[in-house]
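What follows is the content of my_file-v5.cif (mmCIF, C-alpha atoms).
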data_final
#
loop_
_atom_site.label_atom_id
_atom_site.label_comp_id
_atom_site.auth_asym_id
_atom_site.auth_seq_id
_atom_site.Cartn_x
_atom_site.Cartn_y
_atom_site.Cartn_z
CA MET A 878 -1.92 -75.52 -54.63
CA THR A 879 0.56 -77.56 -52.68
CA ALA A 880 1.31 -74.65 -50.28
CA THR A 881 -2.38 -74.00 -49.77
CA ASN A 882 -3.11 -77.62 -49.02
CA SER A 883 -0.18 -77.73 -46.60
CA THR A 884 -1.50 -74.67 -44.69
CA SER A 885 -4.99 -76.15 -44.49
CA ASP A 886 -3.61 -79.42 -43.20
CA THR A 887 -1.57 -77.62 -40.55
CA PHE A 888 -4.60 -75.61 -39.38
CA ALA A 889 -6.68 -78.78 -39.25
CA GLU A 890 -4.02 -80.47 -37.15
CA TYR A 891 -4.07 -77.62 -34.62
CA VAL A 892 -7.86 -77.70 -34.42
CA LEU A 893 -7.78 -81.44 -33.94
CA THR A 894 -5.18 -81.08 -31.22
CA ILE A 895 -7.31 -78.50 -29.41
CA TRP A 896 -10.29 -80.85 -29.62
CA GLN A 897 -8.28 -83.72 -28.30
CA LYS A 898 -7.16 -81.60 -25.36
CA LYS A 899 -10.65 -80.18 -24.69
CA TYR A 900 -10.96 -81.79 -21.28
CA LEU A 901 -7.62 -80.35 -20.25
CA ILE A 902 -8.64 -76.90 -21.42
CA LEU A 903 -12.05 -77.05 -19.73
CA GLY A 904 -10.56 -78.54 -16.58
CA VAL A 905 -7.96 -75.78 -16.22
CA THR A 906 -10.58 -73.11 -16.98
CA PHE A 907 -12.96 -74.55 -14.39
CA LEU A 908 -10.13 -74.64 -11.88
CA LEU A 909 -9.38 -70.93 -12.48
CA ILE A 910 -13.05 -70.06 -12.03
CA LEU A 911 -13.15 -72.03 -8.81
CA ILE A 912 -9.99 -70.35 -7.54
CA SER A 913 -11.41 -66.88 -8.29
CA ILE A 914 -14.63 -67.69 -6.44
CA VAL A 915 -12.73 -69.03 -3.44
CA VAL A 916 -10.45 -66.00 -3.35
CA LEU A 917 -13.42 -63.64 -3.47
CA SER A 918 -15.07 -65.56 -0.64
CA ILE A 919 -12.15 -65.05 1.75
CA LYS A 920 -12.78 -61.94 3.82
CA GLY A 921 -10.03 -59.34 3.78
CA LEU A 922 -8.12 -60.96 0.95
CA VAL A 923 -9.71 -58.65 -1.66
CA SER A 924 -10.84 -55.10 -0.94
CA GLU A 925 -14.64 -55.04 -1.00
CA ARG A 926 -17.01 -52.17 -1.72
CA TYR A 927 -20.58 -51.78 -0.51
CA GLU A 928 -22.61 -48.98 -2.00
CA VAL A 929 -25.45 -47.13 -0.28
CA HIS A 930 -27.93 -44.63 -1.69
CA SER A 931 -30.11 -41.86 -0.29
CA ALA A 932 -32.31 -39.09 -1.65
CA ILE A 933 -33.02 -35.63 -0.28
CA TYR A 934 -35.72 -33.17 -1.25
CA ILE A 935 -34.93 -29.47 -1.57
CA ASN A 936 -37.81 -27.25 -0.56
CA GLN A 937 -38.06 -24.28 -2.92
CA PRO A 938 -39.36 -21.26 -0.95
CA PRO A 939 -41.60 -18.75 -2.76
CA GLN A 940 -39.88 -15.88 -4.52
CA LEU A 941 -40.77 -12.22 -4.36
CA THR A 942 -41.59 -10.50 -7.63
CA GLY A 943 -38.61 -8.69 -9.06
CA MET A 944 -36.09 -10.27 -6.69
CA ASN A 945 -34.17 -12.27 -9.26
CA TYR A 946 -30.97 -12.17 -7.24
CA TYR A 947 -32.59 -14.40 -4.59
CA GLN A 948 -33.62 -17.04 -7.11
CA MET A 949 -30.06 -18.35 -7.19
CA MET A 950 -30.11 -19.25 -3.48
CA THR A 951 -32.05 -22.49 -3.33
CA PRO A 952 -32.37 -24.30 -6.68
CA ALA A 953 -31.06 -27.83 -6.71
CA MET A 954 -27.94 -26.94 -8.65
CA SER A 955 -26.86 -24.46 -5.99
CA PHE A 956 -26.84 -27.24 -3.37
CA GLU A 957 -24.81 -29.71 -5.41
CA PRO A 958 -21.39 -28.08 -4.79
CA LEU A 959 -22.33 -27.54 -1.15
CA LEU A 960 -23.08 -31.23 -0.60
CA THR A 961 -19.56 -32.11 -1.75
CA SER A 962 -17.81 -29.16 -0.14
CA ASP A 963 -14.43 -29.79 1.46
CA ASP A 964 -15.61 -28.71 4.92
CA LEU A 965 -18.52 -31.14 4.94
CA ILE A 966 -16.53 -34.09 3.55
CA GLN A 967 -13.67 -33.38 5.95
CA GLU A 968 -16.07 -33.58 8.90
CA VAL A 969 -17.52 -36.90 7.64
CA LYS A 970 -13.98 -38.24 7.16
CA ARG A 971 -13.03 -37.30 10.74
CA GLN A 972 -16.09 -39.03 12.22
CA TYR A 973 -15.53 -42.11 10.02
CA GLU A 974 -11.90 -42.48 11.14
CA GLU A 975 -12.85 -42.06 14.80
CA LYS A 976 -15.72 -44.54 14.60
CA PHE A 977 -13.87 -47.41 12.88
CA LYS A 978 -10.40 -46.67 14.25
CA ILE A 979 -8.95 -46.28 10.76
CA ARG A 980 -5.64 -44.63 10.11
CA GLU A 981 -5.80 -41.34 8.28
CA ILE A 982 -7.03 -41.63 4.68
CA LYS A 983 -5.97 -39.28 1.91
CA PHE A 984 -8.67 -36.65 1.59
CA GLU A 985 -8.63 -36.64 -2.23
CA LEU A 986 -9.30 -40.39 -2.36
CA PHE A 987 -11.98 -40.20 0.33
CA LYS A 988 -13.81 -37.36 -1.44
CA LYS A 989 -14.13 -39.44 -4.61
CA ARG A 990 -16.55 -41.73 -2.75
CA PHE A 991 -19.28 -39.06 -2.72
CA LYS A 992 -21.51 -38.63 -5.77
CA VAL A 993 -24.45 -36.27 -6.22
CA LYS A 994 -26.88 -36.58 -9.10
CA THR A 995 -29.49 -34.04 -10.11
CA GLU A 996 -32.05 -34.70 -12.82
CA ILE A 997 -33.23 -32.05 -15.26
CA ALA A 998 -37.00 -31.77 -14.87
CA GLU A 999 -37.53 -29.29 -17.69
CA ASP A 1000 -35.35 -27.80 -20.41
CA THR A 1001 -37.01 -25.12 -22.53
CA GLY A 1002 -33.81 -24.11 -24.29
CA VAL A 1003 -33.88 -20.78 -22.51
CA ARG A 1004 -33.97 -21.98 -18.93
CA ARG A 1005 -33.36 -25.30 -17.23
CA ARG A 1006 -35.41 -26.38 -14.25
CA TYR A 1007 -33.89 -29.10 -12.09
CA SER A 1008 -35.73 -31.67 -10.06
CA PRO A 1009 -35.94 -30.84 -6.32
CA VAL A 1010 -34.88 -34.42 -5.51
CA MET A 1011 -31.15 -35.11 -5.40
CA SER A 1012 -29.65 -38.62 -5.32
CA LEU A 1013 -26.66 -39.23 -3.06
CA THR A 1014 -24.29 -42.19 -3.42
CA THR A 1015 -21.27 -43.30 -1.40
CA TYR A 1016 -19.56 -46.55 -0.45
CA GLY A 1017 -17.52 -48.28 2.23
CA LYS A 1018 -15.53 -51.45 2.74
CA THR A 1019 -18.27 -53.01 4.86
CA PRO A 1020 -22.06 -52.52 4.91
CA GLU A 1021 -21.80 -50.83 8.30
CA GLU A 1022 -19.13 -48.43 7.11
CA ALA A 1023 -21.13 -47.51 4.00
CA ARG A 1024 -24.28 -46.78 6.00
CA PHE A 1025 -22.40 -44.81 8.65
CA ILE A 1026 -20.72 -42.61 6.01
CA MET A 1027 -24.06 -41.89 4.33
CA GLU A 1028 -25.81 -41.10 7.63
CA ARG A 1029 -23.06 -38.69 8.67
CA TRP A 1030 -23.07 -37.10 5.21
CA VAL A 1031 -26.82 -36.50 5.14
CA ALA A 1032 -26.96 -35.31 8.76
CA GLY A 1033 -24.06 -32.93 8.23
CA ALA A 1034 -25.58 -31.52 5.03
CA ILE A 1035 -28.96 -30.86 6.68
CA LYS A 1036 -27.30 -29.29 9.70
CA ARG A 1037 -25.00 -27.06 7.68
CA TYR A 1038 -27.17 -26.08 4.72
CA GLY A 1039 -30.74 -26.86 5.75
CA ASP A 1040 -31.39 -23.21 6.62
CA LEU A 1041 -29.45 -21.82 3.67
CA PRO A 1042 -32.22 -19.39 2.61
CA ALA A 1043 -32.41 -17.94 6.13
CA GLN A 1044 -28.62 -17.71 6.30
CA SER A 1045 -28.53 -16.04 2.89
CA VAL A 1046 -31.23 -13.57 3.86
CA LYS A 1047 -29.39 -12.78 7.09
CA PHE A 1048 -26.18 -12.18 5.15
CA TYR A 1049 -27.84 -9.95 2.57
CA LEU A 1050 -29.93 -8.12 5.17
CA ASP A 1051 -26.88 -7.41 7.36
CA PHE A 1052 -24.91 -6.36 4.30
CA TYR A 1053 -27.62 -3.99 3.04
CA ARG A 1054 -28.16 -2.50 6.48
CA SER A 1055 -24.46 -1.86 7.06
CA SER A 1056 -24.02 -0.54 3.51
CA LEU A 1057 -27.03 1.74 3.95
CA GLY A 1058 -25.61 3.14 7.22
CA GLU A 1059 -22.16 3.68 5.71
CA THR A 1060 -23.65 5.34 2.62
CA GLN A 1061 -25.86 7.58 4.74
CA THR A 1062 -22.88 8.71 6.86
CA LEU A 1063 -20.73 9.35 3.81
CA LEU A 1064 -23.59 11.17 2.07
CA LYS A 1065 -24.04 13.48 5.06
CA GLN A 1066 -20.30 14.27 5.10
CA LYS A 1067 -20.23 14.98 1.38
CA GLU A 1068 -23.34 17.16 1.58
CA GLN A 1069 -21.78 19.21 4.37
CA GLU A 1070 -18.57 19.55 2.39
CA TYR A 1071 -20.64 20.44 -0.69
CA VAL A 1072 -22.42 23.27 1.16
CA LYS A 1073 -19.14 24.50 2.65
CA VAL A 1074 -17.44 24.64 -0.76
CA LYS A 1075 -20.55 26.25 -2.22
CA TRP A 1076 -20.48 29.21 0.16
CA GLU A 1077 -16.70 29.46 -0.01
CA LEU A 1078 -17.06 29.71 -3.78
CA HIS A 1079 -19.72 32.42 -3.25
CA ALA A 1080 -17.34 34.49 -1.17
CA LYS A 1081 -14.34 34.04 -3.48
CA MET A 1082 -16.35 34.91 -6.61
CA LYS A 1083 -17.70 38.02 -4.89
CA GLU A 1084 -14.18 39.00 -3.82
CA LEU A 1085 -12.85 38.37 -7.34
CA ILE A 1086 -15.54 40.54 -8.92
CA GLU A 1087 -14.89 43.33 -6.46
CA LYS A 1088 -11.12 43.14 -7.09
CA GLU A 1089 -11.69 43.28 -10.83
CA ASN A 1090 -13.98 46.26 -10.37
CA ILE A 1091 -11.34 47.98 -8.26
CA LEU A 1092 -8.82 47.41 -11.01
CA ALA A 1093 -11.06 48.27 -13.96
CA PRO A 1094 -14.76 48.96 -13.26
CA THR A 1095 -17.11 47.58 -15.87
CA ASN A 1096 -20.64 46.27 -16.12
CA ILE A 1097 -20.81 42.73 -14.65
CA PRO A 1098 -21.60 40.23 -17.45
CA LEU A 1099 -25.08 38.74 -17.29
CA ASP A 1100 -23.81 35.15 -17.31
CA LEU A 1101 -21.50 35.87 -14.36
CA GLN A 1102 -24.40 37.38 -12.43
CA LYS A 1103 -26.43 34.23 -13.10
CA ARG A 1104 -23.56 32.00 -11.94
CA VAL A 1105 -23.32 33.87 -8.64
CA LEU A 1106 -27.08 33.99 -8.14
CA GLU A 1107 -27.46 30.28 -8.92
CA LEU A 1108 -25.05 29.38 -6.13
CA GLY A 1109 -27.43 30.62 -3.43
CA THR A 1110 -29.07 33.50 -1.66
CA ALA A 1111 -27.45 36.85 -0.89
CA ARG A 1112 -26.55 35.90 2.68
CA THR A 1113 -25.86 32.40 3.93
CA ALA A 1114 -26.30 30.76 7.29
CA GLN A 1115 -22.62 31.48 7.93
CA ASN A 1116 -23.31 35.23 7.36
CA VAL A 1117 -21.21 35.33 4.22
CA ASP A 1118 -22.27 38.30 2.11
CA VAL A 1119 -22.30 37.32 -1.56
CA ASN A 1120 -24.11 40.41 -2.89
CA ILE A 1121 -22.34 42.11 -5.77
CA GLN A 1122 -21.97 45.78 -5.07
CA GLN A 1123 -24.27 47.83 -7.28
CA GLY A 1124 -23.15 51.06 -8.87
CA VAL A 1125 -19.52 50.02 -9.12
CA THR A 1126 -19.36 51.51 -12.61
CA GLU A 1127 -19.90 55.02 -11.17
CA ARG A 1128 -16.52 55.09 -9.41
CA THR A 1129 -13.11 55.28 -11.03
CA GLY A 1130 -10.93 52.19 -11.29
CA LEU A 1131 -7.22 52.00 -10.61
CA LEU A 1132 -6.35 51.71 -14.30
CA THR A 1133 -8.46 54.77 -15.09
CA GLU A 1134 -6.86 56.69 -12.24
CA LEU A 1135 -3.43 55.67 -13.56
CA ALA A 1136 -4.33 56.94 -17.02
CA GLN A 1137 -5.67 60.17 -15.54
CA GLN A 1138 -2.52 60.54 -13.49
CA ASP A 1139 -0.38 60.06 -16.62
CA ILE A 1140 -2.39 62.81 -18.32
CA GLU A 1141 -1.97 65.10 -15.32
CA ILE A 1142 1.81 64.45 -15.20
CA ALA A 1143 2.10 65.17 -18.91
CA HIS A 1144 0.13 68.38 -18.41
CA LEU A 1145 2.33 69.47 -15.49
CA LYS A 1146 5.48 68.69 -17.48
CA GLY A 1147 4.18 70.80 -20.36
CA THR A 1148 3.26 73.63 -18.02
CA LEU A 1149 6.66 73.46 -16.35
CA ALA A 1150 8.47 73.57 -19.70
CA SER A 1151 6.41 76.59 -20.79
CA LEU A 1152 7.08 78.41 -17.52
CA GLU A 1153 10.81 77.72 -17.77
CA GLN A 1154 10.85 79.15 -21.32
CA SER A 1155 9.05 82.25 -20.08
CA LEU A 1156 11.58 82.58 -17.25
CA GLU A 1157 14.46 82.49 -19.76
CA LYS A 1158 12.88 85.30 -21.71
CA LEU A 1159 12.34 87.40 -18.57
CA LYS A 1160 15.98 87.04 -17.59
CA LYS A 1161 16.85 89.26 -20.57
CA THR A 1162 14.72 92.15 -19.20
CA PRO A 1163 15.95 94.50 -16.41
CA SER A 1164 12.75 94.18 -14.29
CA ASP A 1165 12.74 91.58 -11.40
CA LEU A 1166 9.09 91.89 -10.44
CA ASN A 1167 7.67 89.32 -12.88
CA LYS A 1168 10.69 87.05 -12.42
CA THR A 1169 9.95 86.48 -8.74
CA ASP A 1170 6.34 85.50 -9.35
CA LEU A 1171 7.32 83.19 -12.22
CA ILE A 1172 9.99 81.46 -10.17
CA THR A 1173 7.42 80.88 -7.41
CA LEU A 1174 5.00 79.45 -9.95
CA ILE A 1175 7.67 77.14 -11.36
CA GLU A 1176 8.50 75.82 -7.89
CA ASP A 1177 4.83 75.16 -7.19
CA THR A 1178 4.53 73.33 -10.54
CA LYS A 1179 7.59 71.17 -9.75
CA HIS A 1180 6.10 70.35 -6.37
CA ASP A 1181 2.81 69.37 -7.98
CA LEU A 1182 4.68 67.24 -10.57
CA ALA A 1183 6.64 65.40 -7.86
CA ALA A 1184 3.41 64.74 -5.96
CA ALA A 1185 1.71 63.49 -9.15
CA GLU A 1186 4.63 61.15 -9.94
CA ALA A 1187 4.64 59.82 -6.37
CA LYS A 1188 0.90 59.19 -6.63
CA ARG A 1189 1.41 57.45 -9.96
CA GLU A 1190 4.08 55.19 -8.45
CA ALA A 1191 1.76 54.30 -5.55
CA LEU A 1192 -1.04 53.58 -8.03
CA GLN A 1193 1.28 51.36 -10.08
CA LYS A 1194 2.24 49.30 -7.01
CA LYS A 1195 -1.40 49.00 -5.97
CA ILE A 1196 -2.36 47.87 -9.47
CA GLU A 1197 0.38 45.21 -9.45
CA GLN A 1198 -0.70 44.05 -6.00
CA THR A 1199 -4.38 43.93 -7.04
CA ASP A 1200 -3.47 42.11 -10.26
CA ASN A 1201 -1.56 39.46 -8.25
CA GLU A 1202 -4.50 39.09 -5.90
CA ILE A 1203 -6.86 38.67 -8.87
CA THR A 1204 -4.60 35.99 -10.37
CA LYS A 1205 -4.55 34.09 -7.09
CA LEU A 1206 -8.31 34.48 -6.66
CA GLN A 1207 -8.92 33.23 -10.21
CA LYS A 1208 -6.87 30.13 -9.45
CA VAL A 1209 -8.73 29.58 -6.15
CA VAL A 1210 -12.12 30.09 -7.86
CA THR A 1211 -11.18 27.62 -10.62
CA GLU A 1212 -10.13 25.00 -8.07
CA LEU A 1213 -13.28 25.60 -6.02
CA GLU A 1214 -15.47 25.31 -9.12
CA LEU A 1215 -13.85 21.98 -10.03
CA ARG A 1216 -14.20 20.75 -6.45
CA PHE A 1217 -17.81 21.99 -6.36
CA GLU A 1218 -18.68 20.10 -9.56
CA SER A 1219 -16.88 16.97 -8.34
CA LEU A 1220 -18.70 17.05 -5.01
CA GLY A 1221 -21.99 17.54 -6.84
CA ARG A 1222 -21.39 14.37 -8.85
CA GLU A 1223 -20.33 12.46 -5.71
CA VAL A 1224 -23.44 13.60 -3.84
CA ASP A 1225 -25.70 12.57 -6.74
CA ALA A 1226 -24.01 9.15 -6.95
CA LEU A 1227 -24.29 8.62 -3.18
CA ARG A 1228 -27.98 9.58 -3.23
CA LYS A 1229 -28.64 7.00 -5.94
CA LYS A 1230 -26.63 4.44 -3.99
CA PHE A 1231 -28.58 5.28 -0.84
CA GLU A 1232 -31.88 4.81 -2.69
CA LEU A 1233 -30.67 1.48 -4.11
CA PHE A 1234 -29.62 0.08 -0.72
CA SER A 1235 -32.86 1.33 0.84
CA ARG A 1236 -34.87 -0.56 -1.78
CA LEU A 1237 -32.74 -3.70 -1.41
CA LYS A 1238 -33.01 -3.58 2.38
CA ASN A 1239 -36.79 -3.28 2.22
CA GLU A 1240 -37.00 -6.20 -0.21
CA ALA A 1241 -34.69 -8.30 1.97
CA GLU A 1242 -36.81 -7.55 5.04
CA ALA A 1243 -39.93 -8.59 3.13
CA PHE A 1244 -38.19 -11.78 1.94
CA ALA A 1245 -37.09 -12.50 5.51
CA GLY A 1246 -40.72 -12.99 6.52
CA ILE A 1247 -41.24 -15.56 3.77
CA THR A 1248 -38.21 -17.60 4.82
CA HIS A 1249 -39.29 -17.52 8.51
CA PHE A 1250 -36.36 -15.30 9.34
CA GLN A 1251 -36.74 -12.70 12.08
CA GLY A 1252 -34.00 -10.62 13.63
CA ASP A 1253 -30.66 -12.37 13.89
CA TYR A 1254 -31.82 -16.02 13.76
CA PRO A 1255 -34.66 -18.04 12.21
CA ALA A 1256 -37.74 -17.66 14.38
CA ASN A 1257 -39.31 -21.00 13.43
CA TYR A 1258 -36.47 -23.21 12.26
CA ARG A 1259 -37.42 -25.26 9.24
CA SER A 1260 -34.87 -27.12 7.19
CA GLU A 1261 -35.06 -26.63 3.46
CA LEU A 1262 -33.42 -30.09 3.03
CA ARG A 1263 -35.61 -33.07 3.78
CA LEU A 1264 -34.57 -36.74 3.70
CA VAL A 1265 -37.01 -38.67 1.49
CA ALA A 1266 -35.05 -41.93 1.14
CA GLY A 1267 -32.84 -42.81 4.07
CA PRO A 1268 -29.75 -45.03 3.87
CA VAL A 1269 -30.28 -48.79 4.12
CA THR A 1270 -27.56 -51.23 5.10
CA PRO A 1271 -26.42 -52.80 1.82
CA GLU A 1272 -26.44 -56.59 1.59
CA ILE A 1273 -24.82 -57.08 -1.80
CA ARG A 1274 -21.41 -55.72 -2.54
CA VAL A 1275 -20.85 -53.81 -5.75
CA TYR A 1276 -17.19 -54.74 -5.94
CA PRO A 1277 -15.82 -57.29 -6.55
CA LYS A 1278 -18.70 -59.14 -8.29
CA ARG A 1279 -18.36 -62.93 -8.48
CA SER A 1280 -20.08 -63.17 -11.85
CA VAL A 1281 -17.75 -60.62 -13.41
CA PHE A 1282 -14.65 -62.26 -11.99
CA ALA A 1283 -15.92 -65.75 -13.02
CA LEU A 1284 -16.43 -64.50 -16.58
CA ILE A 1285 -12.93 -63.02 -16.59
CA ALA A 1286 -11.52 -66.32 -15.26
CA LEU A 1287 -13.41 -68.20 -17.99
CA VAL A 1288 -11.99 -66.03 -20.78
CA VAL A 1289 -8.47 -66.03 -19.36
CA GLY A 1290 -8.55 -69.77 -18.68
CA LEU A 1291 -9.71 -70.67 -22.18
CA PHE A 1292 -7.22 -68.32 -23.77
CA LEU A 1293 -4.18 -69.39 -21.75
CA THR A 1294 -4.92 -73.13 -21.89
CA THR A 1295 -5.59 -73.04 -25.63
CA LEU A 1296 -2.44 -71.01 -26.16
CA PHE A 1297 -0.47 -73.60 -24.14
CA VAL A 1298 -1.87 -76.48 -26.22
CA VAL A 1299 -1.12 -74.72 -29.51
CA LEU A 1300 2.42 -73.80 -28.46
CA ASN A 1301 3.03 -77.33 -27.22
CA LYS A 1302 1.87 -78.73 -30.57
CA TYR A 1303 4.01 -76.21 -32.46
CA LEU A 1304 7.15 -76.94 -30.45
CA THR A 1305 6.57 -80.73 -30.72
CA ASP A 1306 6.30 -80.49 -34.51
CA ILE A 1307 9.52 -78.51 -34.69
CA ALA A 1308 11.31 -81.07 -32.51
CA LEU A 1309 10.13 -83.98 -34.80
CA LYS A 1310 11.21 -82.16 -37.95
CA THR A 1311 14.60 -81.46 -36.43
CA SER A 1312 15.14 -85.10 -35.39
CA ARG A 1313 14.13 -86.35 -38.84
CA THR A 1314 16.47 -83.99 -40.59
CA SER A 1315 19.41 -84.91 -38.38
CA GLY A 1316 18.64 -88.64 -38.74
#
Using structure tokens, write down the structure from this file.
Amino acid sequence: MTATNSTSDTFAEYVLTIWQKKYLILGVTFLLILISIVVLSIKGLVSERYEVHSAIYINQPPQLTGMNYYQMMTPAMSFEPLLTSDDLIQEVKRQYEEKFKIREIKFELFKKRFKVKTEIAEDTGVRRRYSPVMSLTTYGKTPEEARFIMERWVAGAIKRYGDLPAQSVKFYLDFYRSSLGETQTLLKQKEQEYVKVKWELHAKMKELIEKENILAPTNIPLDLQKRVLELGTARTAQNVDVNIQQGVTERTGLLTELAQQDIEIAHLKGTLASLEQSLEKLKKTPSDLNKTDLITLIEDTKHDLAAAEAKREALQKKIEQTDNEITKLQKVVTELELRFESLGREVDALRKKFELFSRLKNEAEAFAGITHFQGDYPANYRSELRLVAGPVTPEIRVYPKRSVFALIALVVGLFLTTLFVVLNKYLTDIALKTSRTSG
């Protein structure tokens, strides 16, 4: 109880001391408030800020049905980054420095002066629609500076981006026209190459079939006939004959001739062996008449056998040569078929691309009429940005505010003066206790 009473008494003493010193506390606080007001009244002593506002209206041009890619050109949100673009702010900064003879300001700090605000007019949860009116805010150290910065900002924005739809249409129209011309040229080249490869494939397939028929005649498969016929007519504009020779199965192929030659050689060898056996038997008889005829017959048979073997060797070389040619032709035909299919896909893709750019070009030309765009430049210039609230020279500064600084001075003055009184009381009490103890 004694400790509690002592604490209460001490607190009461401090409160009483503060009350006794109330005029000192209020006087010092009033003095601080007065000093802050005087300081704020001295021009140039504290950096001032005057804020100026403007509002611009964004005209939304009509949209063509189905042209969703143009709808992103002119809504309010698309202008917001443009109004604070580096190029525009840099130009305003240059004019501001020249006008007021100010040394170069850091661009990052200068850009922070510019604020753009866009209100949401409608939010359905699926799509947001923004108000066509945009609020612009900037500031300067003097009312004249603030107004000049705003005027240059608004004028520069209207000059640069007022005809944004026409500029966008010009860009898209030029792009679609150039793309259409490039696609058309490339399509023509690919179609010519496609036709060239097509007829080259005709000729090589015909040559391959004829080589295969020379090697081993057979009935041409139905699917192969269809493949050749599907490639084109029998004779092309380049006079390339792609007809498949009819009746090729009636003649003998090289492989058949080789087999027949082998049979003939075997027959001649058998005949020669038989004749030589007969000659051996006749040698045992005294008569020479039959021997002479038999020897002549054997010589003729040997001559025929040598001729047959020479023919067989020639046939074998021709077969090997034809087989090599067929292998090369098969490789060429395979490569041509792959190239033919690839070119077909490229031509189809280019035709679709050509149709797409044709449609886009026609839509862009139609949209150009809506945005008053004709040829290379707008025919009847009309800015899509319109100033609806021009800048007014500000009379009241936004920083520093006297009321705010007076309130701060009041709080600081009360706090510091009260703290001084309390500390003074505390230190005085300690000094008294020390003197009593020592005495």
Extract, using only C-alpha atoms, all DNA, RNA and protein residues at most 10 Å from segment 930-932 of chain A, discarding same-chain residues fewer than 6 positions from it, and format them as a short mmCIF file (atom, residue, chain, number, x, y, z; two decimals) with C-alpha atoms, in the frame of the given file.
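Output contents, as saved in selection.cif:
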data_model
loop_
_atom_site.label_atom_id
_atom_site.label_comp_id
_atom_site.auth_asym_id
_atom_site.auth_seq_id
_atom_site.Cartn_x
_atom_site.Cartn_y
_atom_site.Cartn_z
CA LYS A 992 -21.51 -38.63 -5.77
CA VAL A 993 -24.45 -36.27 -6.22
CA LYS A 994 -26.88 -36.58 -9.10
CA VAL A 1010 -34.88 -34.42 -5.51
CA MET A 1011 -31.15 -35.11 -5.40
CA SER A 1012 -29.65 -38.62 -5.32
CA LEU A 1013 -26.66 -39.23 -3.06
CA THR A 1014 -24.29 -42.19 -3.42
CA THR A 1015 -21.27 -43.30 -1.40
CA TYR A 1016 -19.56 -46.55 -0.45
CA ALA A 1023 -21.13 -47.51 4.00
CA ARG A 1024 -24.28 -46.78 6.00
CA MET A 1027 -24.06 -41.89 4.33
CA GLU A 1028 -25.81 -41.10 7.63
CA VAL A 1031 -26.82 -36.50 5.14
CA ARG A 1263 -35.61 -33.07 3.78
CA LEU A 1264 -34.57 -36.74 3.70
CA VAL A 1265 -37.01 -38.67 1.49
CA ALA A 1266 -35.05 -41.93 1.14
CA GLY A 1267 -32.84 -42.81 4.07
CA PRO A 1268 -29.75 -45.03 3.87
CA VAL A 1269 -30.28 -48.79 4.12
CA THR A 1270 -27.56 -51.23 5.10
CA PRO A 1271 -26.42 -52.80 1.82
#
Could you state which residues are captured by the PyMOL selection byres ((chain A and resi 1155) around 12) in this file, as a PDB file with C-alpha atoms, in the coordinates of the input?
ATOM      1  CA  THR A1148       3.260  73.630 -18.020  1.00  0.00           C
ATOM      2  CA  LEU A1149       6.660  73.460 -16.350  1.00  0.00           C
ATOM      3  CA  ALA A1150       8.470  73.570 -19.700  1.00  0.00           C
ATOM      4  CA  SER A1151       6.410  76.590 -20.790  1.00  0.00           C
ATOM      5  CA  LEU A1152       7.080  78.410 -17.520  1.00  0.00           C
ATOM      6  CA  GLU A1153      10.810  77.720 -17.770  1.00  0.00           C
ATOM      7  CA  GLN A1154      10.850  79.150 -21.320  1.00  0.00           C
ATOM      8  CA  LEU A1156      11.580  82.580 -17.250  1.00  0.00           C
ATOM      9  CA  GLU A1157      14.460  82.490 -19.760  1.00  0.00           C
ATOM     10  CA  LYS A1158      12.880  85.300 -21.710  1.00  0.00           C
ATOM     11  CA  LEU A1159      12.340  87.400 -18.570  1.00  0.00           C
ATOM     12  CA  LYS A1160      15.980  87.040 -17.590  1.00  0.00           C
ATOM     13  CA  LYS A1161      16.850  89.260 -20.570  1.00  0.00           C
ATOM     14  CA  THR A1162      14.720  92.150 -19.200  1.00  0.00           C
ATOM     15  CA  ASN A1167       7.670  89.320 -12.880  1.00  0.00           C
ATOM     16  CA  LYS A1168      10.690  87.050 -12.420  1.00  0.00           C
ATOM     17  CA  ASP A1170       6.340  85.500  -9.350  1.00  0.00           C
ATOM     18  CA  LEU A1171       7.320  83.190 -12.220  1.00  0.00           C
ATOM     19  CA  ILE A1172       9.990  81.460 -10.170  1.00  0.00           C
ATOM     20  CA  LEU A1174       5.000  79.450  -9.950  1.00  0.00           C
ATOM     21  CA  ILE A1175       7.670  77.140 -11.360  1.00  0.00           C
TER      22      ILE A1175
END
(request) Give me, please, the distance in Å between atom CA of Val915 of chain A and atom CA of Arg1274 of chain A, quoted to one decimal. (result)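 Answer for the atom CA of Val915 of chain A to atom CA of Arg1274 of chain A separation: 15.9 Å.
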(request) Compile the contact shell of Asp1139 of chain A as a PyMOL selection string: residues with an atom at most 10 Å away, counting only C-alpha atoms, same-chain residues fewer than 5 positions apart removed. (result) chain A and resi 1133-1134+1144-1145+1185-1186+1189
Report as a tab-separated table: every residue of segment 1150-1225 of chain A with an atom at most 12 Å from segment 1071-1083 of chain A, its closest pair of atoms, and their distance in Å to one decimal, counting all atoms listed in the file, with rows sorted by chain and ascending residue number.
residue	atom	partner	partner_atom	distance
A:Glu1202	CA	A:Lys1081	CA	11.3
A:Ile1203	CA	A:Lys1081	CA	10.3
A:Lys1205	CA	A:Lys1081	CA	10.4
A:Leu1206	CA	A:Lys1081	CA	6.8
A:Gln1207	CA	A:Met1082	CA	8.4
A:Lys1208	CA	A:Lys1081	CA	10.3
A:Val1209	CA	A:Lys1081	CA	7.6
A:Val1210	CA	A:Lys1081	CA	6.3
A:Thr1211	CA	A:Leu1078	CA	9.3
A:Glu1212	CA	A:Leu1078	CA	9.4
A:Leu1213	CA	A:Leu1078	CA	6.0
A:Glu1214	CA	A:Leu1078	CA	7.1
A:Leu1215	CA	A:Val1074	CA	10.3
A:Arg1216	CA	A:Val1074	CA	7.6
A:Phe1217	CA	A:Val1074	CA	6.2
A:Glu1218	CA	A:Tyr1071	CA	9.1
A:Ser1219	CA	A:Tyr1071	CA	9.2
A:Leu1220	CA	A:Tyr1071	CA	5.8
A:Gly1221	CA	A:Tyr1071	CA	6.9
A:Arg1222	CA	A:Tyr1071	CA	10.2
A:Glu1223	CA	A:Tyr1071	CA	9.4
A:Val1224	CA	A:Tyr1071	CA	8.0
A:Asp1225	CA	A:Tyr1071	CA	11.1
